[in-house]
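Peer 1: Take a look at the following structure, please.
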Amino acid sequence: MPFLQNSWYCASWSKDLTSRPVGIRILDEDLVIYRRADGVPVAMTGICPHRFAPLSLGKVDGDDIICGYHGLRFDPHGACTHNPHGKGMVPPRARLTPYPVEDRSGAIWVWMGDPEHANASDILSFDFLTDTQAWAGFSGYLHINSNYQLVIDNLLDLTHAAYLHPNSVGVDPKLRGDRKLKYKFSVEDGVITSDYSVEGTPPSPLLRLWTDREIGDIYSPISLHLPSNLVLDLSMTDRGMARGTGSRMPSVHLIVPETETSCHYFYALSRNGRLDDPALSESMANIIRQAFVDEDEPMIRAVHDAMRGRDFFALEPAILETDAAGLTARRALAKLIKQEQAALKKSPAGPSDALTESLS
Ligand code: FES
Ligand SMILES: [Fe+2]
């Protein structure tokens, strides 16, 4: 299936991007990203048009990037401004395509569609990564050899945590006793939410690192902002207290298609307690790595391999009640992509109209 082009995709955590050029493949396109001398991010075609050297192997000089193979120089708008060879003639093909790029909410976002439709106010905002007065946490990255939609499925169905992650981010069903997860599914303004809650439960090993509660209520609403950005607003409260109080641990999960069979997973997690405790952040990051790298990634990859490239719906999966969000997400995304492809044949369409329509 084609990808949704008219969307902002995360290309890096903001803190990780410097003047050192970095290559990243998004939606099967190779990009190079770096910061100009004034710190403004740049995103352009990642392969040199001369002999196809990755520009990530070049070096940034001021605002420009110089190819590391034969030295062509490109400005941040993609124009080749210097050919050090022969008479210095610059052939018309010696140019790069610049991509709209924004530094927001602690991440570098690249617009992969028609630049005419790039609107920075569409970028997801989450202050828990940038407001260090109220939150502490960490961010990370994981490469997954699976189609990106399987990662969305994984995140929208958190019932897997009890079985795949009892020693990291889940609560072993045996410890929960007969207290069941309650599940609610909703779609509002194009945002698809799976809302899980369980009352009178012990904390997960991750929560246990920093909450004093032996027993409490856990709320885990996770929302998908199409095409592939998710926000989980997890909280553990004293019994009977309102959700969103107590120990809060919001996280973002930005899934970026690399190819049809691989994706980038940028994640970040914050907490609202023990803010001045970097050792705690490190311990939490270790548990998250265990959950994502040792537990989620092998399972998602195994599912991808088991599906052998066959269409999800054509495989006629057995549907559980808790699959409502995942199924809705797949259908909505397919509809969005179809609409975009149809519009591309006529005139380019903006993402927001198509998004609203796809869920109606
Ligand atoms: S490949 Fe870049 S200058 Fe030759
Ligand atoms: Fe998981």
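Chain lettering (A, B, ...) mirrors the order of the structure tokens, residue numbering begins at 1 for each chain separately, and ligand numbering begins at 1 in order of display.
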Enumerate, as an MDAnalysis selection string, the complete set of residues in segment 173-254 of chain A that a backbone-based DSSP assignment places in strand (DSSP E).
Peer 2: chainID A and resid 182:188 191:201 216:225 229:237 247:254
Peer 1: Could you take the residues named above and write them with N, CA and C atoms, as a short mmCIF file (atom, residue, chain, number, x, y, z; two decimals), in the first residue's frame?
Peer 2:
```
data_model
loop_
_atom_site.label_atom_id
_atom_site.label_comp_id
_atom_site.auth_asym_id
_atom_site.auth_seq_id
_atom_site.Cartn_x
_atom_site.Cartn_y
_atom_site.Cartn_z
N LYS A 182 -10.86 -2.73 31.99
CA LYS A 182 -12.06 -2.20 31.33
C LYS A 182 -11.60 -1.51 30.06
N TYR A 183 -12.38 -1.63 29.01
CA TYR A 183 -11.95 -1.10 27.72
C TYR A 183 -13.04 -0.23 27.11
N LYS A 184 -12.61 0.95 26.65
CA LYS A 184 -13.54 1.83 25.93
C LYS A 184 -12.84 2.30 24.67
N PHE A 185 -13.61 2.43 23.62
CA PHE A 185 -13.03 2.85 22.35
C PHE A 185 -13.79 4.08 21.87
N SER A 186 -13.08 5.07 21.35
CA SER A 186 -13.78 6.25 20.85
C SER A 186 -13.02 6.88 19.68
N VAL A 187 -13.75 7.67 18.91
CA VAL A 187 -13.13 8.47 17.85
C VAL A 187 -13.66 9.89 18.02
N GLU A 188 -12.75 10.83 18.17
CA GLU A 188 -13.18 12.22 18.34
C GLU A 188 -12.25 13.12 17.55
N VAL A 191 -9.29 11.58 16.09
CA VAL A 191 -8.32 10.91 16.98
C VAL A 191 -8.96 9.62 17.49
N ILE A 192 -8.25 8.53 17.32
CA ILE A 192 -8.77 7.20 17.68
C ILE A 192 -8.18 6.80 19.03
N THR A 193 -9.05 6.51 19.99
CA THR A 193 -8.55 6.24 21.35
C THR A 193 -8.99 4.88 21.85
N SER A 194 -8.02 4.17 22.42
CA SER A 194 -8.28 2.94 23.18
C SER A 194 -8.06 3.30 24.64
N ASP A 195 -9.09 3.16 25.44
CA ASP A 195 -8.98 3.60 26.83
C ASP A 195 -9.07 2.38 27.75
N TYR A 196 -7.98 2.08 28.43
CA TYR A 196 -7.94 0.93 29.34
C TYR A 196 -7.88 1.44 30.76
N SER A 197 -8.58 0.74 31.66
CA SER A 197 -8.43 1.06 33.08
C SER A 197 -8.61 -0.22 33.89
N VAL A 198 -7.95 -0.25 35.03
CA VAL A 198 -8.12 -1.39 35.93
C VAL A 198 -8.05 -0.86 37.36
N GLU A 199 -8.99 -1.31 38.16
CA GLU A 199 -9.05 -0.81 39.55
C GLU A 199 -8.41 -1.81 40.49
N GLY A 200 -7.83 -1.26 41.56
CA GLY A 200 -7.28 -2.11 42.62
C GLY A 200 -6.19 -3.05 42.16
N THR A 201 -5.22 -2.49 41.45
CA THR A 201 -4.14 -3.32 40.91
C THR A 201 -2.80 -2.89 41.50
N GLY A 216 -3.61 0.48 43.55
CA GLY A 216 -4.28 1.70 43.09
C GLY A 216 -5.05 1.41 41.82
N ASP A 217 -5.51 2.49 41.19
CA ASP A 217 -6.23 2.35 39.91
C ASP A 217 -5.30 2.85 38.79
N ILE A 218 -5.24 2.09 37.72
CA ILE A 218 -4.37 2.49 36.60
C ILE A 218 -5.25 2.82 35.38
N TYR A 219 -4.98 3.98 34.81
CA TYR A 219 -5.68 4.44 33.60
C TYR A 219 -4.67 4.52 32.47
N SER A 220 -5.00 3.93 31.33
CA SER A 220 -4.06 3.95 30.20
C SER A 220 -4.77 4.30 28.90
N PRO A 221 -5.26 5.53 28.73
CA PRO A 221 -5.84 5.89 27.43
C PRO A 221 -4.72 6.15 26.42
N ILE A 222 -4.80 5.50 25.27
CA ILE A 222 -3.79 5.74 24.22
C ILE A 222 -4.51 6.19 22.95
N SER A 223 -4.02 7.29 22.38
CA SER A 223 -4.70 7.92 21.25
C SER A 223 -3.82 7.92 20.02
N LEU A 224 -4.42 7.58 18.90
CA LEU A 224 -3.70 7.62 17.61
C LEU A 224 -4.10 8.87 16.85
N HIS A 225 -3.10 9.68 16.53
CA HIS A 225 -3.29 10.82 15.63
C HIS A 225 -2.78 10.34 14.28
N ASN A 229 1.07 8.67 14.83
CA ASN A 229 1.63 9.23 16.06
C ASN A 229 0.69 8.93 17.22
N LEU A 230 1.24 8.37 18.30
CA LEU A 230 0.39 7.96 19.42
C LEU A 230 0.84 8.62 20.71
N VAL A 231 -0.15 8.95 21.55
CA VAL A 231 0.11 9.53 22.87
C VAL A 231 -0.59 8.66 23.91
N LEU A 232 0.16 8.22 24.90
CA LEU A 232 -0.39 7.41 25.99
C LEU A 232 -0.34 8.26 27.26
N ASP A 233 -1.50 8.46 27.89
CA ASP A 233 -1.56 9.30 29.09
C ASP A 233 -1.80 8.41 30.31
N LEU A 234 -0.77 7.70 30.72
CA LEU A 234 -0.93 6.71 31.80
C LEU A 234 -0.86 7.38 33.17
N SER A 235 -1.78 6.98 34.05
CA SER A 235 -1.68 7.46 35.44
C SER A 235 -2.06 6.35 36.40
N MET A 236 -1.44 6.40 37.59
CA MET A 236 -1.83 5.48 38.66
C MET A 236 -2.27 6.33 39.84
N THR A 237 -3.51 6.14 40.26
CA THR A 237 -4.07 6.97 41.34
C THR A 237 -4.32 6.11 42.57
N SER A 247 0.30 9.47 40.21
CA SER A 247 1.55 9.32 39.46
C SER A 247 1.23 9.28 37.98
N ARG A 248 1.70 10.28 37.28
CA ARG A 248 1.41 10.34 35.84
C ARG A 248 2.65 10.01 35.02
N MET A 249 2.44 9.32 33.92
CA MET A 249 3.56 8.89 33.09
C MET A 249 3.15 8.94 31.62
N PRO A 250 3.01 10.18 31.08
CA PRO A 250 2.62 10.28 29.67
C PRO A 250 3.78 9.90 28.75
N SER A 251 3.45 9.40 27.58
CA SER A 251 4.51 9.02 26.62
C SER A 251 4.01 9.24 25.20
N VAL A 252 4.97 9.45 24.29
CA VAL A 252 4.63 9.54 22.87
C VAL A 252 5.33 8.43 22.12
N HIS A 253 4.69 8.03 21.04
CA HIS A 253 5.19 6.92 20.23
C HIS A 253 5.00 7.35 18.78
N LEU A 254 6.08 7.79 18.16
CA LEU A 254 5.99 8.34 16.81
C LEU A 254 6.52 7.28 15.84
#
```
Peer 1: Show me, as a tab-separated table, the residues of chain A having an atom within 6 Å of ligand 1, each with the closest atom pair and its distance in Å, using only C-alpha atoms and all ligand atoms.
Peer 2:
```
residue	atom	partner	partner_atom_place_in_ligand_line	distance
A:Cys48	CA	ligand 1	2 (Fe)	4.7
A:His50	CA	ligand 1	1 (S)	4.6
A:Arg51	CA	ligand 1	1 (S)	3.8
A:Phe52	CA	ligand 1	1 (S)	5.1
A:Ala53	CA	ligand 1	1 (S)	4.5
A:Cys67	CA	ligand 1	2 (Fe)	4.7
A:Tyr69	CA	ligand 1	4 (Fe)	4.9
A:His70	CA	ligand 1	3 (S)	3.8
A:Gly71	CA	ligand 1	3 (S)	4.8
A:Leu72	CA	ligand 1	3 (S)	4.5
```
Peer 1: Select the residues contacting ligand 2 at a distance of at most 8 Å, based on only C-alpha atoms and all ligand atoms, then format the selection as a ChimeraX atom specification.
Peer 2: /A:154-155,158,160-161,164-165,169,291-292,295-296
Peer 1: Report, in Å to a single decimal, how far apart atom CA of Ala11 of chain A and atom CA of Ser168 of chain A are.
Peer 2: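 Atom CA of Ala11 of chain A lies 27.3 Å from atom CA of Ser168 of chain A.
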Peer 1: I'd like a table as a Markdown table: residues in segment 53-93 of chain A with an atom no more than 7 Å from segment 32-38 of chain A, each row giving the shortest atom pair and its distance in Å to one decimal, only C-alpha atoms counted, sorted by chain and rising residue number.
Peer 2:
```
| residue | atom | partner | partner_atom | distance |
| --- | --- | --- | --- | --- |
| A:Leu55 | CA | A:Val32 | CA | 6.3 |
| A:Ser56 | CA | A:Val32 | CA | 6.0 |
| A:Gly62 | CA | A:Ala37 | CA | 5.1 |
| A:Asp63 | CA | A:Arg36 | CA | 4.4 |
```
Peer 1: Skipping near chain neighbours, those fewer than 4 positions away, what residues fall within 9 Å of Thr130 of chain A using only C-alpha atoms, listed as a PyMOL selection string?
Peer 2: chain A and resi 105-106+126+135
Peer 1: Dump N, CA and C atoms for the selected residues as a CSV table (one decimal), in the first residue's frame?
Peer 2:
```csv
chain,number,residue,atom,x,y,z
A,105,SER,N,7.9,20.7,19.8
A,105,SER,CA,7.5,19.7,20.8
A,105,SER,C,8.7,18.7,21.1
A,106,GLY,N,9.9,19.2,20.9
A,106,GLY,CA,11.1,18.3,21.2
A,106,GLY,C,11.5,17.4,20.1
A,126,PHE,N,3.0,18.3,22.5
A,126,PHE,CA,3.0,17.6,23.8
A,126,PHE,C,4.0,18.3,24.7
A,135,TRP,N,7.9,18.2,34.4
A,135,TRP,CA,8.1,16.8,34.0
A,135,TRP,C,9.6,16.4,33.9
```
Peer 1: Quick one: residues within 9 Å of Ser7 of chain A, only C-alpha atoms, excluding same-chain residues fewer than 6 positions away - as a count of residues only?
Peer 2: 11
Peer 1: Going by DSSP on the backbone, which bits of segment 131-216 of chain A are alpha helix (DSSP H)? Write them as a short mmCIF file (atom, residue, chain, number, x, y, z; two decimals) with C-alpha atoms, in the first residue's frame, please.
Peer 2:
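part.cif was written with the following content:
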```cif
data_model
loop_
_atom_site.label_atom_id
_atom_site.label_comp_id
_atom_site.auth_asym_id
_atom_site.auth_seq_id
_atom_site.Cartn_x
_atom_site.Cartn_y
_atom_site.Cartn_z
CA TYR A 148 4.60 0.30 10.56
CA GLN A 149 0.92 -0.61 10.90
CA LEU A 150 1.81 -3.60 13.06
CA VAL A 151 3.44 -1.23 15.54
CA ILE A 152 0.28 0.88 15.60
CA ASP A 153 -1.75 -2.31 16.19
CA ASN A 154 0.58 -3.21 19.04
CA LEU A 155 0.17 0.16 20.75
CA LEU A 156 -3.58 0.48 20.28
CA ALA A 161 1.16 -5.74 28.17
CA ALA A 162 -0.01 -8.32 30.72
CA TYR A 163 1.26 -11.20 28.60
CA LEU A 164 4.29 -9.80 26.80
CA PRO A 173 -2.62 -11.14 35.23
CA LYS A 174 -2.03 -13.40 38.26
CA LEU A 175 -1.25 -10.34 40.40
CA ARG A 176 -4.35 -8.55 39.18
CA PRO A 205 7.62 -3.00 37.50
CA LEU A 206 8.13 0.34 35.69
CA LEU A 207 5.68 2.24 37.90
CA ARG A 208 7.03 0.47 40.99
#
```
Peer 1: Where does segment 11-81 of chain A meet segment 93-97 of chain A within 7 Å, residue by residue, with the nearest atom pair and distance in Å to one decimal for each, counting only C-alpha atoms, listed by chain and rising number, as a tab-separated table?
Peer 2:
```
residue	atom	partner	partner_atom	distance
A:Met44	CA	A:Thr97	CA	5.4
A:Thr45	CA	A:Thr97	CA	5.3
A:Pro49	CA	A:Ala94	CA	5.7
A:His50	CA	A:Ala94	CA	6.7
A:Gly78	CA	A:Leu96	CA	4.2
A:Ala79	CA	A:Arg95	CA	5.1
A:Cys80	CA	A:Arg95	CA	5.6
```
Peer 1: Create the file for the chosen residues now, containing N, CA and C atoms and written as a short mmCIF file (atom, residue, chain, number, x, y, z; two decimals), in the first residue's frame.
Peer 2:
```cif
data_model
loop_
_atom_site.label_atom_id
_atom_site.label_comp_id
_atom_site.auth_asym_id
_atom_site.auth_seq_id
_atom_site.Cartn_x
_atom_site.Cartn_y
_atom_site.Cartn_z
N MET A 44 16.71 17.70 3.28
CA MET A 44 16.80 17.68 1.81
C MET A 44 16.99 16.24 1.33
N THR A 45 16.92 16.08 0.00
CA THR A 45 17.26 14.79 -0.60
C THR A 45 18.56 14.29 0.01
N PRO A 49 23.16 13.91 -6.29
CA PRO A 49 22.74 13.61 -7.67
C PRO A 49 23.92 13.30 -8.60
N HIS A 50 25.15 13.47 -8.15
CA HIS A 50 26.29 13.19 -9.04
C HIS A 50 26.54 11.69 -9.15
N GLY A 78 18.81 23.56 -1.52
CA GLY A 78 19.03 22.48 -2.47
C GLY A 78 19.83 22.87 -3.70
N ALA A 79 20.15 24.17 -3.85
CA ALA A 79 20.89 24.60 -5.05
C ALA A 79 22.37 24.24 -4.90
N CYS A 80 22.95 23.75 -6.00
CA CYS A 80 24.39 23.47 -5.98
C CYS A 80 25.10 24.80 -6.21
#
```
